Amino acid sequence: MTGERMICRKALVLAGGSSRRMGRDKATLEIDGRTQLERAVTKLRRHVDEVLVSSRREQAADPLRARYPQLFDAYDDLGPLAGILTALESAPDDPWLVLACDLPRVDDETIEYLLANIDGNSIATAYRSSFDGLPEPLCAVWMPRAVDPVRAAIAEGTTCPRKILIRAEATLLSQPVAGALDNVNTPADLERVIGTAS
């Protein structure tokens with residue numbers, strides 16, 4: 001870690017996915033009366049100055065997404081990496097706190113700990129998965145220096161954010177709250193987390 005604490009003022013909620021495994025738009029799923037997108041934006045606004053929603057251009061008029069400032073993917077067919085790279089290029093001097101909208105159990109402590117431990121010498125600071133020890137790229141702070149490695153990976157045909165962080169040896173943190181990064185990809189996942197979301 002660096003001696004000087006890095007400050008992250010921007011956050012991006014990844015909400016442009018096609019939600020194929022869920023069968024419906026994950027951003028619109030309601031837990032305890034609030035959509036996953038609303039929950040994510042509200043939580044992040046407590047920690048950073050600006051929160052943008054990563055969307056595809058064809059989602060611009062969606063009533064839910066239109067409630068928030070959006071950043072439209074500048075790339076097609078890259079999955080979440082499209083939003084990450086678009087954000088990095090849109091503000092080339094700023095680190096970005098990236099959060100997938102399908103992490104309903106992520107809590108303030110998890111976000112605070114991540115922001116307090118940013119490694120400015122790494123391309124990203126991420127949590128270590130509690131399942132396999134690999135990087136969790138969709139609850140991470142991506143640094144401006146990540147742009148070139150991301151572009152190089154795409155040029156080589158790699159669009160998996162996790163593989164990019166593995167290759168670049170991103171800084172990994174242990175999760176302070178067990179289960180906070182459990183995601184919701186399927187209807188069964190949704191049933192499991194209802195009632196336990198933060």
# chains A, B, ... in the order shown; residues from 1 in each chain; ligands from 1
call {"tool": "closest_atom_pairs", "arguments": {"of": "stretch 19-78 of chain A", "to": "stretch 136-152 of chain A", "cutoff": "12 Å", "atoms": "only C-alpha atoms", "output": "JSON lines"}}
result
{"residue": "A:Ala40", "atom": "CA", "partner": "A:Cys139", "partner_atom": "CA", "distance": 11.2}
{"residue": "A:Leu44", "atom": "CA", "partner": "A:Cys139", "partner_atom": "CA", "distance": 11.3}
{"residue": "A:Val48", "atom": "CA", "partner": "A:Val141", "partner_atom": "CA", "distance": 11.9}
{"residue": "A:Tyr75", "atom": "CA", "partner": "A:Arg151", "partner_atom": "CA", "distance": 11.5}
{"residue": "A:Leu78", "atom": "CA", "partner": "A:Val150", "partner_atom": "CA", "distance": 11.1}
call {"tool": "write_last_selection", "arguments": {"atoms": "N, CA and C atoms", "output": "JSON list (two decimals), in the first residue's frame"}}
result
[["chain", "number", "residue", "atom", "x", "y", "z"],
["A", 40, "ALA", "N", -28.24, 0.04, -4.91],
["A", 40, "ALA", "CA", -26.82, 0.25, -5.17],
["A", 40, "ALA", "C", -26.47, 1.73, -5.25],
["A", 44, "LEU", "N", -24.01, 3.83, -2.61],
["A", 44, "LEU", "CA", -22.76, 4.44, -3.06],
["A", 44, "LEU", "C", -22.75, 5.95, -2.82],
["A", 48, "VAL", "N", -19.27, 8.47, -2.01],
["A", 48, "VAL", "CA", -18.56, 9.20, -3.06],
["A", 48, "VAL", "C", -19.36, 10.41, -3.50],
["A", 75, "TYR", "N", -18.57, 0.72, -25.98],
["A", 75, "TYR", "CA", -18.15, -0.51, -26.65],
["A", 75, "TYR", "C", -19.27, -1.53, -26.59],
["A", 78, "LEU", "N", -18.65, -6.47, -24.76],
["A", 78, "LEU", "CA", -17.53, -6.65, -23.83],
["A", 78, "LEU", "C", -18.02, -6.97, -22.42]]
call {"tool": "residues_around", "arguments": {"residues": "A:Ser129", "least_positions_apart": "5", "cutoff": "9 Å", "atoms": "only C-alpha atoms", "output": "list in words"}}
result
Leu134, Pro135, Glu136, Ser174, Gln175 and Leu181 of chain A
call {"tool": "residues_around", "arguments": {"residues": "stretch 106-119 of chain A", "least_positions_apart": "5", "cutoff": "9 Å", "atoms": "only C-alpha atoms", "output": "PyMOL selection string"}}
result
chain A and resi 1-2+5-8+40+43-44+46-47+97+124-127+139-141+143+170-171+173+175-177+179-182+197-198
call {"tool": "write_last_selection", "arguments": {"atoms": "C-alpha atoms", "output": "tab-separated table (two decimals), in the first residue's frame"}}
result
chain	number	residue	atom	x	y	z
A	1	MET	CA	0.00	0.00	0.00
A	2	THR	CA	1.08	3.56	-0.51
A	5	ARG	CA	-4.28	7.60	1.06
A	6	MET	CA	-5.93	7.59	-2.34
A	7	ILE	CA	-9.29	9.33	-2.64
A	8	CYS	CA	-12.01	7.95	-4.89
A	40	ALA	CA	-26.82	0.25	-5.17
A	43	LYS	CA	-25.59	3.06	-0.92
A	44	LEU	CA	-22.76	4.44	-3.06
A	46	ARG	CA	-23.10	7.82	0.97
A	47	HIS	CA	-19.44	7.26	0.10
A	97	LEU	CA	-15.37	2.54	-7.53
A	124	ALA	CA	-7.08	-1.95	-9.09
A	125	THR	CA	-7.87	-2.76	-5.49
A	126	ALA	CA	-10.41	-5.55	-5.17
A	127	TYR	CA	-11.69	-8.08	-2.71
A	139	CYS	CA	-16.73	-4.49	-6.28
A	140	ALA	CA	-13.38	-2.83	-6.78
A	141	VAL	CA	-11.61	0.47	-7.28
A	143	MET	CA	-7.28	3.08	-11.21
A	170	ALA	CA	-4.17	-6.35	-8.58
A	171	THR	CA	-4.14	-5.60	-4.87
A	173	LEU	CA	-8.21	-7.44	0.26
A	175	GLN	CA	-13.64	-9.27	2.88
A	176	PRO	CA	-14.53	-7.70	6.23
A	177	VAL	CA	-18.12	-8.99	6.08
A	179	GLY	CA	-21.28	-12.98	2.26
A	180	ALA	CA	-21.40	-9.29	1.38
A	181	LEU	CA	-20.40	-9.97	-2.22
A	182	ASP	CA	-22.77	-12.86	-2.88
A	197	ALA	CA	-29.89	-8.08	1.99
A	198	SER	CA	-28.25	-4.98	3.48
call {"tool": "atom_distance", "arguments": {"atom1": "atom CA of A:Ala155", "atom2": "atom CA of A:Arg56"}}
result
21.2 Å
call {"tool": "closest_residue", "arguments": {"among": "A:Gln36, A:Arg162, A:Pro80, A:Glu169", "to": "A:Asp132", "atoms": "only C-alpha atoms"}}
result
A:Arg162
call {"tool": "closest_residue", "arguments": {"among": "A:Leu172, A:Ile154, A:Val13, A:Val184", "to": "A:Leu81", "atoms": "only C-alpha atoms"}}
result
A:Ile154
call {"tool": "residues_around", "arguments": {"residues": "A:Glu50", "least_positions_apart": "5", "cutoff": "8 Å", "atoms": "only C-alpha atoms", "output": "short mmCIF file (atom, residue, chain, number, x, y, z; two decimals) with C-alpha atoms, in the first residue's frame"}}
result
data_model
loop_
_atom_site.label_atom_id
_atom_site.label_comp_id
_atom_site.auth_asym_id
_atom_site.auth_seq_id
_atom_site.Cartn_x
_atom_site.Cartn_y
_atom_site.Cartn_z
CA ARG A 9 -14.83 10.37 -5.67
CA LYS A 10 -16.58 8.58 -8.54
CA ALA A 11 -18.60 5.38 -8.59
CA ARG A 45 -23.98 8.04 -2.72
#
call {"tool": "residues_around", "arguments": {"residues": "stretch 68-71 of chain A", "least_positions_apart": "5", "cutoff": "6 Å", "atoms": "only C-alpha atoms", "output": "ChimeraX atom specification"}}
result
/A:52-54
call {"tool": "residues_around", "arguments": {"residues": "A:Gly83", "least_positions_apart": "4", "cutoff": "7 Å", "atoms": "only C-alpha atoms", "output": "list in words"}}
result
Leu14, Ser54, Asp73 and Ala87 of chain A
call {"tool": "select_by_dssp", "arguments": {"residues": "stretch 58-145 of chain A", "states": "helix (DSSP H, G or I)", "output": "PyMOL selection string"}}
result
chain A and resi 58-59+65-67+80-90+108-116+144-145
call {"tool": "atom_distance", "arguments": {"atom1": "atom CA of A:Val51", "atom2": "atom CA of A:Gly79"}}
result
19.7 Å
call {"tool": "closest_residue", "arguments": {"among": "A:Glu89, A:Gly16, A:Arg105, A:Lys163", "to": "A:Ser55", "atoms": "only C-alpha atoms"}}
result
A:Gly16
call {"tool": "atom_distance", "arguments": {"atom1": "atom CA of A:Asp25", "atom2": "atom CA of A:Phe131"}}
result
25.5 Å
